[in-house]
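Here is the structure we will look at, set down as structure tokens.
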Amino acid sequence: MVKRIARDGETYTSNQQIARRVYRALKTPSDIDRTTDPILAFHFKGKDDYVILRCNKEPEISIKGKGQTAGEVKFFAYSEFKDCSEDNVLLTLKDDLTLIELYTKGALRKTTWDSWDKFCRWLDSLDEDGVQISLKLPYLVYRAVKSQKPSMQNYIVESVKAALRNSDSKDEG
């Protein structure tokens with residue numbers, strides 16, 4: 001209860017603080033692949049552009065414009081957010097938020113919030129000790145057997161397939 005009370009009332013004071021909390025809770029420490037970094041999108045009332053926050057050790061803010069394809073971004077200075085600072089755009093405009101999205105990545109499923117308060121409650125619920133071992137395990141096993149000969153990867157994949165087939169046949173019977 002004390003933890004909850006201490007967090008009520010604007011304790012998130014920077015984009016970096018938000019990104020680090022998400023990164024520590026949702027990213028496996030041994031996963032150094034940038035393509036699996038959690039990504040949040042922030043949509044604001046009256047704006048076609050939206051803010052993308054890549055949550056990693058060095059958080060990155062970028063701007064997506066309406067109709068831009070994946071990989072395309074706008075320069076901050078040429079976006080609808082040019083009057084804000086890159087460092088605090090989210091906190092400056094939090095009252096104008098209409099949608100926040102956590103994009104699907106690996107074991108993460110898409111999640112959305114329609115207010116800053118709901119998003120902050122979710123942030124508060126995150127465990128900074130990291131991803132549950134059940135989510136880390138496949139990645140850790142893969143890393144451990146990746147360079148083994150003969151291919152341990154194939155052995156593991158075939159074992160999992162066999163276990164799933166056995167599980168399916170028991171469910172049907």
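To be explicit about the labels: the chains of the structure tokens are called A, B, and onward in the order shown, and within each one the residues are counted from 1, while ligands get numbers from 1 in the order they are shown.
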Exercise for the section: Quick one: everything within 7 Å of range 74-78 of chain A, counting only C-alpha atoms, minus sequence neighbours fewer than 4 positions away in the same chain. Send it as a PyMOL selection string. Expected result: chain A and resi 62-65+82
Practice task
Quick one: everything within 12 Å of Arg34 in chain A, counting only C-alpha atoms, minus sequence neighbours fewer than 4 positions away in the same chain. Send it as a list in words.
Solution key: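 My reading of the contact set: Tyr23, Lys27, Thr28, Pro29, Ser30, Pro38, Ile39, Arg54, Cys55, Asn56, Lys57, Glu58, Pro59, Glu60, Lys105 and Gly106 of chain A.
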Saved selection, atoms kept: N, CA and C atoms, as a PDB file, in the first residue's frame:
```pdb
ATOM      1  N   TYR A  23      11.359  -0.852 -20.054  1.00  0.00           N
ATOM      2  CA  TYR A  23      12.480  -1.671 -20.520  1.00  0.00           C
ATOM      3  C   TYR A  23      12.890  -2.699 -19.462  1.00  0.00           C
ATOM      4  N   LYS A  27      11.885  -6.377 -20.877  1.00  0.00           N
ATOM      5  CA  LYS A  27      12.987  -6.840 -21.730  1.00  0.00           C
ATOM      6  C   LYS A  27      13.910  -7.755 -20.937  1.00  0.00           C
ATOM      7  N   THR A  28      14.267  -8.866 -21.517  1.00  0.00           N
ATOM      8  CA  THR A  28      15.196  -9.796 -20.897  1.00  0.00           C
ATOM      9  C   THR A  28      16.599  -9.190 -20.939  1.00  0.00           C
ATOM     10  N   PRO A  29      17.313  -9.161 -19.812  1.00  0.00           N
ATOM     11  CA  PRO A  29      18.641  -8.531 -19.794  1.00  0.00           C
ATOM     12  C   PRO A  29      19.610  -9.100 -20.831  1.00  0.00           C
ATOM     13  N   SER A  30      19.520 -10.372 -21.111  1.00  0.00           N
ATOM     14  CA  SER A  30      20.457 -10.969 -22.072  1.00  0.00           C
ATOM     15  C   SER A  30      20.034 -10.743 -23.526  1.00  0.00           C
ATOM     16  N   PRO A  38      10.682  -2.922 -26.355  1.00  0.00           N
ATOM     17  CA  PRO A  38       9.280  -2.479 -26.264  1.00  0.00           C
ATOM     18  C   PRO A  38       9.118  -1.092 -26.884  1.00  0.00           C
ATOM     19  N   ILE A  39       8.019  -0.908 -27.618  1.00  0.00           N
ATOM     20  CA  ILE A  39       7.749   0.377 -28.264  1.00  0.00           C
ATOM     21  C   ILE A  39       6.357   0.849 -27.859  1.00  0.00           C
ATOM     22  N   ARG A  54      10.799   4.350 -28.061  1.00  0.00           N
ATOM     23  CA  ARG A  54      11.481   3.048 -28.037  1.00  0.00           C
ATOM     24  C   ARG A  54      12.109   2.923 -26.657  1.00  0.00           C
ATOM     25  N   CYS A  55      11.703   1.871 -25.934  1.00  0.00           N
ATOM     26  CA  CYS A  55      12.154   1.684 -24.558  1.00  0.00           C
ATOM     27  C   CYS A  55      13.383   0.780 -24.543  1.00  0.00           C
ATOM     28  N   ASN A  56      14.543   1.393 -24.350  1.00  0.00           N
ATOM     29  CA  ASN A  56      15.788   0.644 -24.244  1.00  0.00           C
ATOM     30  C   ASN A  56      16.720   1.379 -23.286  1.00  0.00           C
ATOM     31  N   LYS A  57      17.979   0.971 -23.224  1.00  0.00           N
ATOM     32  CA  LYS A  57      18.902   1.602 -22.277  1.00  0.00           C
ATOM     33  C   LYS A  57      19.052   3.096 -22.543  1.00  0.00           C
ATOM     34  N   GLU A  58      18.995   3.468 -23.800  1.00  0.00           N
ATOM     35  CA  GLU A  58      19.026   4.874 -24.196  1.00  0.00           C
ATOM     36  C   GLU A  58      17.734   5.160 -24.955  1.00  0.00           C
ATOM     37  N   PRO A  59      16.653   5.517 -24.239  1.00  0.00           N
ATOM     38  CA  PRO A  59      15.340   5.700 -24.873  1.00  0.00           C
ATOM     39  C   PRO A  59      15.393   6.665 -26.057  1.00  0.00           C
ATOM     40  N   GLU A  60      14.582   6.358 -27.062  1.00  0.00           N
ATOM     41  CA  GLU A  60      14.547   7.171 -28.278  1.00  0.00           C
ATOM     42  C   GLU A  60      13.129   7.642 -28.537  1.00  0.00           C
ATOM     43  N   LYS A 105       5.506  -7.268 -29.632  1.00  0.00           N
ATOM     44  CA  LYS A 105       6.903  -7.626 -29.887  1.00  0.00           C
ATOM     45  C   LYS A 105       7.181  -8.932 -29.171  1.00  0.00           C
ATOM     46  N   GLY A 106       7.582  -9.948 -29.885  1.00  0.00           N
ATOM     47  CA  GLY A 106       7.936 -11.218 -29.257  1.00  0.00           C
ATOM     48  C   GLY A 106       6.830 -11.733 -28.354  1.00  0.00           C
TER      49      GLY A 106
END
```
Exercise for the section: Name the residues of range 37-77 of chain A that fall into strand (DSSP E) according to DSSP on the backbone, using the chain letters and numbers of this document, as a list in words. Expected result: Ile39, Leu40, Ala41, Phe42, His43, Phe44, Tyr50, Val51, Ile52, Leu53, Arg54, Glu60, Ile61, Ser62, Ile63 and Lys64 of chain A
Exercise for the section: Could you please determine the separation between CA of Gly46 in chain A and CA of Val89 in chain A in Å, to one decimal place? Expected result: 15.1 Å
Handout entry: Residue with smallest distance to Ser79 in chain A - pool A:Tyr103, A:Leu91, A:Asp48, A:Thr98, counting only C-alpha atoms
Key =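 Distance minimum relative to Ser79 in chain A lands on A:Asp48.
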Handout entry: From A:Leu97, A:Val73, A:Ile156, A:Ala25, residue lying nearest Phe44 in chain A [only C-alpha atoms]
Key =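 Checking each of A:Leu97, A:Val73, A:Ile156, A:Ala25 against Phe44 in chain A, counting only C-alpha atoms, the winner is A:Leu97.
Shortest separation to Tyr50 in chain A among A:Asp96, A:Asp117, A:Asp37, A:Glu158 occurs at residue A:Asp96, atoms counted being only C-alpha atoms.
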